[in-house]
Amino acid sequence: MTSVATPAVSAPSITPADHISLKDIAQAHDVRFLLATFVDMTGKPCAKLVPVEAADELEAGAMGFAGYAAGLIGQKPQDSDLIAIPDLASFTPVPFIKDGLAIIHCDPHVDGKPWPYAPRVILKNTLARLAGKGMQAKIGAEVEYFLVNRNDDGTLSTADARDDSPRPCYDARGVTRMYDHLTSISEAMNSLGWGNYANDHEDAAGQFEQNFNYADALTTADRVVSLRYILNILAEQRGMTATFMPKPFTDRTGTGLHFHLSLWSGAEALFPADGSSADDGGRGLGLSGLAYSFIGGILEHAPALQAFLAPTVNSYKRSGATTSSSGATWSPRKASFGGNDRTHMIRVPDNKRIELRSGDGSANPYLAIATAIEAGLDGVERAVDPGMPSGPGESKPDAHLLPATLLHAVEALRKDPVILASLSGDAEIGRYYADAKEEEFLSWHNQVSDWEIRTYLTSI
C-alpha cells in the first residue's frame, strides 16, 4: 500500500450539461460487448453478455436473472428476477481477454430495491453506515493463487513441472519460467490503472502473487473479483488452471487473501497516533486509540468472522495445518495482533494500516471486507481494548482460538449477534448464510474418503 490507485478507466470528456451513459462510455473505449457481472455469496461470478447496442436497456434495469439459478443469493425458484443495475464507475475494458469486451459490476435489485443478500449491496450498506459516522475505508488486497494442471486420474500437478522445490518462495527462475503469464497479468492491471507494483513466486511450488495499489473498499473488492476472472481466463488460454482453492496440496502452504485496512476521514488518516505516548497507549506500534479499538473489535469477533474469511470446508485444511514443505503455514491459528510479524491474525506493518491475515483464497471479497469493517466498527463504538500486542511468534493465553472446521465457524457465527446481523443489518441474512455453510459442511462430511477406507477398512 504505497499510493492511492487511479480510477479503473477515465470517462470521456463531457460538459456538465451532458449526460454520459453506459453506451457512451463503452463506445468511447471501442467496447462492443459488456459482461454485466455480479457475484453470489460464494463469490461465483455471474454475468450476461450484453451487446453495446443494448447498453441502454441494461442501464435502465431491463436485464433480469433467475436468482435461485444464479446461486447462493437468498432467492427461491418462485421469486422475482434479480435485476442487474450497472455501476458505471466500475466499467473495466478487458481487450487483453477479448477485443471489444468490458466488465461492468452490477448491483442486483428486486422489485425496484437493492437486494440485501447480494454481496456488493451488503458491502455498500456497510460503507454507508461507516460514512454516516464520518469515515471511509481504504483497502489493499493480496491475491494469491496456484497455477496447476488437472491430470487424467483427477489429481493436480504444478503447471510448471520444474517448479518442485520445497522452498521456492521468491525464486527468480520460477518467476522467469512463468514470465509470459506474469507479465500479461501485470500489463493488464497497469492498463486499467490499478498500479501493479510486484509479481512474485509465493511460498509453495506453483504459487504466485501479483500486487496492486490500494483504493476505496468497494473499488478494491471489484478489482479482486475482476482479477480472479482475468487470471482464470488468461491461464486457460495458456493451458493452465488458476485456482484460489485454499489448500490444493496437502504438503504445501495454502493460499491466502490478506487485506490491508485503514480508516480515513476525508484526507485525514485515522489510524496513526497523534504523536503522544498516551494516544498509543504505551503499546509502541504508533496507532491511535481508534485503531486499537478497531483491532479489538476484529479480535473479539474473530471466530465468527472466519465464516466469511475462510468460508469453505477446504479452508480449514489450510488454517489447521501445522507445517508445510517450506516449514511454515503462514496461517494464524489464534486471534492475536502484533507488530511486523506474519504469525499473527492482525499484523501491524506500520502506523497507517493493519493487515488481516486469516482470510484465504476462497473468501468473497465483498463479504470479507464488510464483516471485518462491521467487527472493527463495533470495537470502535464500544471502545474495546485489545490489550498489549503479542510478541514475535507469541499469542496471549486467553486469545480466541480460530475455528477448527467450517462447522465450528458456523457455530461461532450463530452465537455472535453482531456479525450475524452484519449483512445488510439483517440477522436473517446471516442465518441464511450460516444454514447454507452448515449444509456445505455436512455434504462434505457425508462423503466417504480414501483416508477413511485406508484407516478403517481392516482396522477391526
# chains A, B, ... in the order shown; residues from 1 in each chain; ligands from 1

$ residues_around --residues "His445 (chain A)" --least-positions-apart "4" --cutoff "12 Å" --atoms "only C-alpha atoms" --output "list in words"
Val313, Asn314, Thr405, Leu406, Leu407, Glu438, Glu439, Glu440, Phe441, Ser449 and Glu452 of chain A

$ write_last_selection --atoms "C-alpha atoms" --output "PDB file, in the first residue's frame"
ATOM      1  CA  VAL A 313     -14.502 -26.908   4.013  1.00  0.00           C
ATOM      2  CA  ASN A 314     -11.081 -26.767   2.372  1.00  0.00           C
ATOM      3  CA  THR A 405     -13.606 -26.532  10.836  1.00  0.00           C
ATOM      4  CA  LEU A 406     -16.242 -24.748   8.796  1.00  0.00           C
ATOM      5  CA  LEU A 407     -18.878 -26.168  11.151  1.00  0.00           C
ATOM      6  CA  GLU A 438     -23.613 -25.905   7.519  1.00  0.00           C
ATOM      7  CA  GLU A 439     -25.207 -27.772   4.610  1.00  0.00           C
ATOM      8  CA  GLU A 440     -21.940 -27.439   2.660  1.00  0.00           C
ATOM      9  CA  PHE A 441     -20.005 -28.921   5.583  1.00  0.00           C
ATOM     10  CA  SER A 449     -12.991 -40.555   1.717  1.00  0.00           C
ATOM     11  CA  GLU A 452     -11.423 -43.464   5.899  1.00  0.00           C
TER      12      GLU A 452
END

$ residues_around --residues "region 258-270 of chain A" --least-positions-apart "5" --cutoff "10 Å" --atoms "only C-alpha atoms" --output "ChimeraX atom specification"
/A:1,130-131,133-144,214,216-217,220,287-291,294,309,345-349,351-361,363,365,368-369,372-373

$ residues_around --residues "Gln210 (chain A)" --least-positions-apart "2" --cutoff "12 Å" --atoms "only C-alpha atoms" --output "JSON, numbers by chain"
{"A": [141, 142, 143, 144, 145, 146, 175, 181, 182, 183, 184, 185, 186, 187, 188, 189, 190, 194, 195, 196, 197, 198, 199, 200, 201, 202, 207, 208, 212, 213, 224, 227, 228, 231, 257]}

$ select_by_dssp --residues "region 221-345 of chain A" --states "strand (DSSP E or B)" --output "list in words"
Thr241, Ala242, Thr243, Gly256, Leu257, His258, Phe259, His260, Leu261, Ser262, Leu263, Trp264, Ser265, Glu268, Ala269, Pro272, Leu287, Lys334, Phe337 and Gly338 of chain A

$ atom_distance --atom1 "CA of Asp56 (chain A)" --atom2 "CA of Trp115 (chain A)"
21.4 Å

$ closest_residue --among "A:Ala215, A:Ile104, A:Ala118, A:Ala28" --to "Tyr433 (chain A)" --atoms "only C-alpha atoms"
A:Ala118

$ residues_around --residues "region 164-169 of chain A" --least-positions-apart "5" --cutoff "7 Å" --atoms "only C-alpha atoms" --output "compact mmCIF listing (two decimals) with C-alpha atoms, in the first residue's frame"
# COMPACT_ATOMS: atom_id res chain seq x y z
CA HIS A 201 6.66 -16.60 -6.55
CA GLU A 202 4.93 -17.42 -3.30
CA ASP A 203 5.85 -19.96 -0.62
CA ALA A 204 4.61 -23.11 -2.37
CA ALA A 205 5.58 -24.74 -5.65
CA SER A 325 7.22 -28.40 2.91
CA SER A 326 8.68 -24.91 3.42

$ select_by_dssp --residues "region 103-231 of chain A" --states "helix (DSSP H, G or I)" --output "ChimeraX atom specification"
/A:119-132,172-177,179-191,217-231

$ closest_residue --among "A:Ala70, A:Leu413, A:Leu22, A:Leu101" --to "Asp87 (chain A)" --atoms "only C-alpha atoms"
A:Leu22

$ atom_distance --atom1 "CA of Ser424 (chain A)" --atom2 "CA of Tyr117 (chain A)"
7.5 Å

$ residues_around --residues "Phe33 (chain A)" --least-positions-apart "4" --cutoff "10 Å" --atoms "only C-alpha atoms" --output "PDB file with C-alpha atoms, in the first residue's frame"
ATOM      1  CA  ALA A  26     -18.458   1.778 -23.961  1.00  0.00           C
ATOM      2  CA  GLN A  27     -18.303   3.346 -27.407  1.00  0.00           C
ATOM      3  CA  LYS A  48     -24.823 -11.849 -19.077  1.00  0.00           C
ATOM      4  CA  LEU A  49     -23.003 -10.880 -22.257  1.00  0.00           C
ATOM      5  CA  VAL A  50     -24.708  -7.691 -23.438  1.00  0.00           C
ATOM      6  CA  PRO A  51     -24.043  -6.110 -26.857  1.00  0.00           C
ATOM      7  CA  VAL A  52     -23.313  -2.414 -26.683  1.00  0.00           C
ATOM      8  CA  GLU A  53     -26.460  -1.801 -28.714  1.00  0.00           C
ATOM      9  CA  ALA A  54     -28.442  -2.960 -25.648  1.00  0.00           C
ATOM     10  CA  ALA A  55     -26.404  -0.951 -23.112  1.00  0.00           C
ATOM     11  CA  PRO A  93     -12.409  -2.768 -20.505  1.00  0.00           C
ATOM     12  CA  LYS A  98     -11.244 -10.425 -25.957  1.00  0.00           C
ATOM     13  CA  ASP A  99     -11.060  -7.428 -28.223  1.00  0.00           C
ATOM     14  CA  GLY A 100     -14.031  -5.149 -27.605  1.00  0.00           C
ATOM     15  CA  LEU A 101     -15.009  -6.703 -24.227  1.00  0.00           C
ATOM     16  CA  ALA A 102     -15.579  -4.904 -20.901  1.00  0.00           C
ATOM     17  CA  ILE A 103     -16.708  -5.898 -17.416  1.00  0.00           C
TER      18      ILE A 103
END

$ closest_residue --among "A:Asp416, A:Asp107, A:Asp153, A:Asp81" --to "Pro119 (chain A)" --atoms "only C-alpha atoms"
A:Asp107

$ closest_residue --among "A:Thr255, A:Ser293, A:Asn364, A:Asn151" --to "Asp385 (chain A)" --atoms "only C-alpha atoms"
A:Ser293

$ closest_residue --among "A:Cys106, A:Ala427, A:Leu420, A:Ala159" --to "Asp222 (chain A)" --atoms "only C-alpha atoms"
A:Cys106

$ atom_distance --atom1 "CA of Phe96 (chain A)" --atom2 "CA of Thr241 (chain A)"
17.7 Å

$ closest_residue --among "A:Thr42, A:Ser90, A:Ser362, A:Thr312" --to "Trp444 (chain A)" --atoms "only C-alpha atoms"
A:Thr312
